[in-house]
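**Student:** The structure under discussion is supplied below as structure tokens; questions concerning it will follow.
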Amino acid sequence: MSYCRNRALRSASTVIVTAVAASLLVGCQTTGSNPGPPGEFHWKFSTWGKPRAFSSGIDALAKYVDRKSDGKFTISVSYGEVLGRSKQNLQAVGDGEFEMANYCNAYHPLRTPSVSGLDLPFLPFDDLATQRRVYDTYHARSDVRAEMADAGVRYQFAALLPRYELMGMGDAPQSIDGLKGKKIRALGAMGHAMRTWGAVPISLPSTSVYPSLQSRYIDAAAFPYTSTFKAYKIHHIAEWFTSNLVLGAIHCPVIVNQAAYASLPEKFKKLLDDGRTIAYNAMLTAYRKQNEQSLKLFDTRGLKRIEFSSAERLEITKTAGLPHWQDWIVETDAKGLPGRSLLMSILTEGLRDKDPVLRRGVMAMVRGDDKRPKSTANRN
């Protein structure tokens, strides 16, 4: 019952009346997430959307722990924000409303500021395997773990989301200069980066991209590579796409309520932790199948694939990525956090097996960025 007590106390911390706190405790004991026989644990997981490659990891984990525990430890996955809104998942898991969920750090930059470093544009996330390695290594840092603990949660694994690339119409950019003057649907920091190359960022909802591209209101759009282009049928009218611009990726980890995890017997903790590999393998397999199908369609329709050299990637990182990284270091340092150390840990792991030219160049830029302007990103 330690989880129930912890949950009740956390919920009761916002009220003064003792009777309310007592009712919360009674409610937890009678209707909480572990109402079954002693020794059984039945958890709830909250996510959004429908079952897809993004959610294949938690589905695989749920089946794994159920099978290995003979049904004594289960995870019930609720889609479509049935348990709560996606923007509230961090708070809800921390408060013990349910035990597990996906959450995107972009919704909570003030609650978990260190984790926001994983959302920076132009990080070296060329593939999902690299993202997995960086995410797990980064969350293993003691300061990042402490930050998550302050929110009442524990990082379990990352629900992988692919990097963003471009797909467009008209003249295919033969170099980064070829994007000059193009109107590109790109949001947030990715959009700001477009201005660096003389492109014009346009903010549009996903459903408006196809008609906007068809009417030539925009020239290109940034979407997760590759299935999202296919999902919105952009490849039906597009003429080219980039495959290694690596605009950025959104970090949406799977989190667990700390007290709920602590209440598990060691054998069930081991199942949950061992299940990370099961979850990652399921996601990587699902995305690989999607990419194979998507790229075959792109090829069949004659889309031109644009790849940038390591030298071009280095210049892109210098002009579009580094200013945002510098700003983030300054902002993170101002919060009393080791901004440079956090960024270096991301880059060190992310560039570990990359082209030596790109690896040495990027690391040299960051190590020497104290000689550069502290804030040069256009944030207007």
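Identifiers for the structure tokens are assigned positionally: chains receive A, B, ... in sequence, residues are indexed from 1 per chain, and ligands are indexed from 1 in the order shown.
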Using only C-alpha atoms, tabulate the residues of stretch 41-60 of chain A lying at most 12 Å from any atom of stretch 219-232 of chain A, each with its closest atom pair and that distance in Å to one decimal, by chain and increasing residue number, as a tab-separated table.
**Tutor:**
```
residue	atom	partner	partner_atom	distance
A:Arg52	CA	A:Ser227	CA	10.8
A:Ala53	CA	A:Ser227	CA	9.7
A:Phe54	CA	A:Ser227	CA	11.1
```
**Student:** Between A:Leu295, A:Ile202, A:Val115, A:Ala129, single out the one closest to A:Leu161, counting only C-alpha atoms.
**Tutor:**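 Distance minimum relative to A:Leu161 lands on A:Ala129.
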**Student:** Identify which of the residues A:Pro201, A:Pro124, A:Pro211, A:Gly117 lies closest to A:Leu358, counting only C-alpha atoms when measuring atom-to-atom distances.
**Tutor:** A:Pro124
**Student:** Stretch 328-338 of chain A: which residues within 9 Å, counting only C-alpha atoms, same-chain residues fewer than 4 positions away excluded, as a VMD selection string?
**Tutor:** chain A and resid 113 to 114 116 to 117 120 143 323 to 324 342 to 343 374 to 375
**Student:** Filtering to N, CA and C atoms, could you give me those residues as a compact mmCIF listing (two decimals), in the first residue's frame?
**Tutor:**
```txt
# COMPACT_ATOMS: atom_id res chain seq x y z
N PRO A 113 13.23 21.37 -17.66
CA PRO A 113 14.05 22.16 -18.58
C PRO A 113 15.26 21.43 -19.13
N SER A 114 15.87 20.54 -18.36
CA SER A 114 17.03 19.81 -18.88
C SER A 114 16.64 18.94 -20.06
N SER A 116 14.48 19.47 -22.23
CA SER A 116 14.21 20.25 -23.43
C SER A 116 15.40 20.27 -24.39
N GLY A 117 16.59 19.94 -23.89
CA GLY A 117 17.75 19.89 -24.77
C GLY A 117 17.61 18.87 -25.87
N LEU A 120 16.12 20.24 -29.30
CA LEU A 120 16.81 21.26 -30.08
C LEU A 120 16.89 20.87 -31.56
N ASP A 143 21.65 14.33 -12.84
CA ASP A 143 20.90 15.58 -12.75
C ASP A 143 19.59 15.51 -13.52
N PRO A 323 23.29 28.52 -33.38
CA PRO A 323 22.70 29.67 -32.68
C PRO A 323 21.63 29.26 -31.67
N HIS A 324 20.82 28.28 -32.03
CA HIS A 324 19.78 27.82 -31.10
C HIS A 324 20.39 27.07 -29.93
N LEU A 342 25.19 19.45 -20.51
CA LEU A 342 24.05 18.70 -21.00
C LEU A 342 24.10 18.56 -22.52
N LEU A 343 24.36 19.67 -23.21
CA LEU A 343 24.43 19.62 -24.67
C LEU A 343 25.57 18.74 -25.14
N LYS A 374 26.59 35.18 -28.09
CA LYS A 374 25.85 34.32 -27.20
C LYS A 374 24.42 34.05 -27.67
N SER A 375 23.83 34.92 -28.46
CA SER A 375 22.47 34.72 -28.93
C SER A 375 22.30 35.30 -30.31
```
**Student:** So, counting only C-alpha atoms, which residue among A:Ser263, A:Ser294, A:Gln88, A:Gln156 is closest to A:Tyr135?
**Tutor:**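 Going through A:Ser263, A:Ser294, A:Gln88, A:Gln156 one by one, the smallest distance to A:Tyr135 is for A:Gln156.
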**Student:** List as a list in words the protein and nucleic acid residues near A:Arg313, meaning an atom at most 12 Å away when only C-alpha atoms are counted, but skip any in the same chain fewer than 3 places from it.
**Tutor:**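 Residues meeting the cut-off are Phe122, Leu123, Pro124, Asp126, Ser175, Ile176, Ser243, Asn244, Leu245, Val246, Leu247, Glu307, Phe308, Ser309, Ser310, Ile316, Thr317, Lys318, Thr319, Ala320, Gly321, Lys354, Asp355, Val357, Leu358, Arg359, Gly361 and Val362 of chain A.
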**Student:** Please produce a file of the residues just selected, as a compact mmCIF listing (two decimals), in the first residue's frame, where the atoms kept are C-alpha atoms.
**Tutor:**
```
# COMPACT_ATOMS: atom_id res chain seq x y z
CA PHE A 122 19.69 19.89 -35.95
CA LEU A 123 20.86 17.44 -33.33
CA PRO A 124 22.63 14.47 -34.99
CA ASP A 126 20.11 10.60 -38.33
CA SER A 175 22.43 22.64 -51.85
CA ILE A 176 21.16 24.43 -48.79
CA SER A 243 16.66 12.35 -46.46
CA ASN A 244 19.44 13.68 -44.21
CA LEU A 245 18.73 17.35 -43.49
CA VAL A 246 17.76 16.22 -39.95
CA LEU A 247 15.78 19.27 -38.91
CA GLU A 307 21.18 14.05 -49.69
CA PHE A 308 23.64 16.53 -48.23
CA SER A 309 27.35 15.89 -47.85
CA SER A 310 29.09 15.92 -44.46
CA ILE A 316 23.94 23.68 -41.87
CA THR A 317 24.65 22.89 -38.22
CA LYS A 318 26.88 25.95 -37.90
CA THR A 319 24.45 28.42 -39.43
CA ALA A 320 21.10 27.04 -38.30
CA GLY A 321 21.70 24.72 -35.36
CA LYS A 354 29.00 9.53 -37.42
CA ASP A 355 31.30 10.72 -40.20
CA VAL A 357 34.36 15.26 -40.51
CA LEU A 358 30.93 16.01 -39.10
CA ARG A 359 31.79 14.74 -35.61
CA GLY A 361 33.50 19.85 -36.75
CA VAL A 362 30.39 19.94 -34.60
```
**Student:** What parts of stretch 208-246 of chain A does DSSP call strand (DSSP E)? I'd like the answer as a list in words.
**Tutor:**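 DSSP-assigned strand (DSSP E) residues in stretch 208-246 of chain A: Ala220, Ala221, Ala222, Phe223, Pro224, Trp240, Phe241 and Thr242 of chain A.
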**Student:** Neighbouring residues of A:Pro173 were defined as those with any atom within 12 Å, considering only C-alpha atoms; residues of the same chain fewer than 6 positions away were excluded. Please report them as JSON, numbers by chain.
**Tutor:** {"A": [166, 167, 179, 180, 181, 182, 197, 199, 219, 220, 239, 240, 241, 242, 245, 304, 305, 306, 307, 308]}
**Student:** To one decimal place, how far is atom CA of A:Leu61 from atom CA of A:Leu271 in Å?
**Tutor:**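 Rounded to one decimal, the two atoms are 9.0 Å apart.
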**Student:** Looking at A:Ile346, A:Leu272, A:Leu128, A:Cys104, which one is nearest to A:Arg141, with distances taken over only C-alpha atoms?
**Tutor:** A:Ile346
**Student:** Using only C-alpha atoms, which of the listed residues (A:Ser55, A:Ser46, A:Ser203, A:Ser215) sits closest to A:Ala189?
**Tutor:** A:Ser203
**Student:** Please list as a PDB file with C-alpha atoms, in the first residue's frame every residue within 8 Å of A:Ile255, counting only C-alpha atoms and excluding residues in the same chain fewer than 6 positions away.
**Tutor:**
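Dumped everything to selection-v7.pdb:
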```pdb
ATOM      1  CA  LEU A  90       3.264  14.618 -16.797  1.00  0.00           C
ATOM      2  CA  VAL A  93       1.440  10.556 -13.665  1.00  0.00           C
ATOM      3  CA  MET A 100       2.272   5.357 -16.885  1.00  0.00           C
ATOM      4  CA  ALA A 101       1.963   7.648 -19.903  1.00  0.00           C
ATOM      5  CA  ASN A 102       3.663   9.269 -22.833  1.00  0.00           C
ATOM      6  CA  TYR A 103       4.502  12.926 -22.394  1.00  0.00           C
ATOM      7  CA  VAL A 153       8.112  10.422 -12.346  1.00  0.00           C
ATOM      8  CA  ARG A 154      10.705   8.002 -13.632  1.00  0.00           C
ATOM      9  CA  TYR A 155      11.895   7.731 -17.240  1.00  0.00           C
ATOM     10  CA  GLN A 156      11.218   4.249 -18.578  1.00  0.00           C
ATOM     11  CA  PHE A 157      12.067   4.447 -22.283  1.00  0.00           C
TER      12      PHE A 157
END
```
**Student:** Could you give me the residues within stretch 122-346 of chain A that DSSP places in alpha helix (DSSP H), as a PyMOL selection string?
**Tutor:** chain A and resi 128-139+142-150+188-196+209-214+227-231+258-263+266-300+310-316+322-334+339-346
**Student:** At what distance in Å, to one decimal, does atom CA of A:Ile237 lie from atom CA of A:Gly302?
**Tutor:**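 For atom CA of A:Gly302 relative to atom CA of A:Ile237, the distance reads 10.7 Å.
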**Student:** Excluding same-chain residues fewer than 4 positions from A:Ser212, what lies within 12 Å of it counting only C-alpha atoms, as a PDB file with N, CA and C atoms, in the first residue's frame?
**Tutor:**
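Result saved to part-v4.pdb:
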```pdb
ATOM      1  N   GLY A 168       8.809  18.625 -51.092  1.00  0.00           N
ATOM      2  CA  GLY A 168       8.279  19.806 -51.753  1.00  0.00           C
ATOM      3  C   GLY A 168       8.106  19.676 -53.251  1.00  0.00           C
ATOM      4  N   MET A 169       7.703  20.807 -53.842  1.00  0.00           N
ATOM      5  CA  MET A 169       7.475  20.906 -55.284  1.00  0.00           C
ATOM      6  C   MET A 169       8.411  21.947 -55.878  1.00  0.00           C
ATOM      7  N   LYS A 183       8.912  29.004 -49.599  1.00  0.00           N
ATOM      8  CA  LYS A 183       7.970  29.066 -48.480  1.00  0.00           C
ATOM      9  C   LYS A 183       7.786  27.643 -47.950  1.00  0.00           C
ATOM     10  N   ILE A 184       8.160  27.454 -46.683  1.00  0.00           N
ATOM     11  CA  ILE A 184       8.214  26.107 -46.127  1.00  0.00           C
ATOM     12  C   ILE A 184       7.371  26.009 -44.862  1.00  0.00           C
ATOM     13  N   ARG A 185       6.510  25.021 -44.832  1.00  0.00           N
ATOM     14  CA  ARG A 185       5.738  24.759 -43.621  1.00  0.00           C
ATOM     15  C   ARG A 185       6.679  24.111 -42.602  1.00  0.00           C
ATOM     16  N   ILE A 202       6.313  28.992 -42.771  1.00  0.00           N
ATOM     17  CA  ILE A 202       4.866  29.170 -42.724  1.00  0.00           C
ATOM     18  C   ILE A 202       4.296  28.214 -41.685  1.00  0.00           C
ATOM     19  N   SER A 203       3.423  28.713 -40.833  1.00  0.00           N
ATOM     20  CA  SER A 203       2.791  27.865 -39.823  1.00  0.00           C
ATOM     21  C   SER A 203       1.435  27.401 -40.343  1.00  0.00           C
ATOM     22  N   LEU A 204       1.288  26.085 -40.482  1.00  0.00           N
ATOM     23  CA  LEU A 204       0.044  25.505 -40.986  1.00  0.00           C
ATOM     24  C   LEU A 204      -0.265  24.223 -40.221  1.00  0.00           C
ATOM     25  N   PRO A 205      -1.543  23.925 -39.985  1.00  0.00           N
ATOM     26  CA  PRO A 205      -1.880  22.616 -39.424  1.00  0.00           C
ATOM     27  C   PRO A 205      -1.590  21.532 -40.452  1.00  0.00           C
ATOM     28  N   SER A 206      -1.356  20.330 -39.987  1.00  0.00           N
ATOM     29  CA  SER A 206      -0.974  19.233 -40.877  1.00  0.00           C
ATOM     30  C   SER A 206      -1.983  19.010 -41.988  1.00  0.00           C
ATOM     31  N   THR A 207      -3.272  19.135 -41.665  1.00  0.00           N
ATOM     32  CA  THR A 207      -4.314  18.860 -42.642  1.00  0.00           C
ATOM     33  C   THR A 207      -4.376  19.897 -43.765  1.00  0.00           C
ATOM     34  N   SER A 208      -3.737  21.047 -43.557  1.00  0.00           N
ATOM     35  CA  SER A 208      -3.757  22.094 -44.577  1.00  0.00           C
ATOM     36  C   SER A 208      -2.552  22.034 -45.512  1.00  0.00           C
ATOM     37  N   ARG A 216       0.397  25.815 -54.466  1.00  0.00           N
ATOM     38  CA  ARG A 216       1.699  26.503 -54.441  1.00  0.00           C
ATOM     39  C   ARG A 216       1.721  27.689 -53.485  1.00  0.00           C
ATOM     40  N   TYR A 217       0.826  27.638 -52.494  1.00  0.00           N
ATOM     41  CA  TYR A 217       0.928  28.625 -51.420  1.00  0.00           C
ATOM     42  C   TYR A 217       2.224  28.404 -50.646  1.00  0.00           C
ATOM     43  N   ILE A 218       2.619  27.134 -50.529  1.00  0.00           N
ATOM     44  CA  ILE A 218       3.922  26.793 -49.972  1.00  0.00           C
ATOM     45  C   ILE A 218       4.686  25.961 -50.992  1.00  0.00           C
ATOM     46  N   ASP A 219       6.003  25.895 -50.820  1.00  0.00           N
ATOM     47  CA  ASP A 219       6.854  25.120 -51.726  1.00  0.00           C
ATOM     48  C   ASP A 219       7.259  23.776 -51.134  1.00  0.00           C
ATOM     49  N   ALA A 220       7.250  23.674 -49.817  1.00  0.00           N
ATOM     50  CA  ALA A 220       7.685  22.440 -49.164  1.00  0.00           C
ATOM     51  C   ALA A 220       7.121  22.390 -47.750  1.00  0.00           C
ATOM     52  N   ALA A 221       7.209  21.211 -47.147  1.00  0.00           N
ATOM     53  CA  ALA A 221       6.719  21.032 -45.781  1.00  0.00           C
ATOM     54  C   ALA A 221       7.666  20.141 -45.008  1.00  0.00           C
ATOM     55  N   ILE A 234       1.268  13.684 -49.231  1.00  0.00           N
ATOM     56  CA  ILE A 234       2.102  14.732 -49.815  1.00  0.00           C
ATOM     57  C   ILE A 234       2.887  14.191 -51.013  1.00  0.00           C
ATOM     58  N   ILE A 237       1.782  14.679 -54.826  1.00  0.00           N
ATOM     59  CA  ILE A 237       1.978  15.905 -55.614  1.00  0.00           C
ATOM     60  C   ILE A 237       3.404  16.452 -55.529  1.00  0.00           C
ATOM     61  N   ALA A 238       4.205  15.927 -54.619  1.00  0.00           N
ATOM     62  CA  ALA A 238       5.571  16.435 -54.436  1.00  0.00           C
ATOM     63  C   ALA A 238       6.492  15.955 -55.552  1.00  0.00           C
TER      64      ALA A 238
END
```
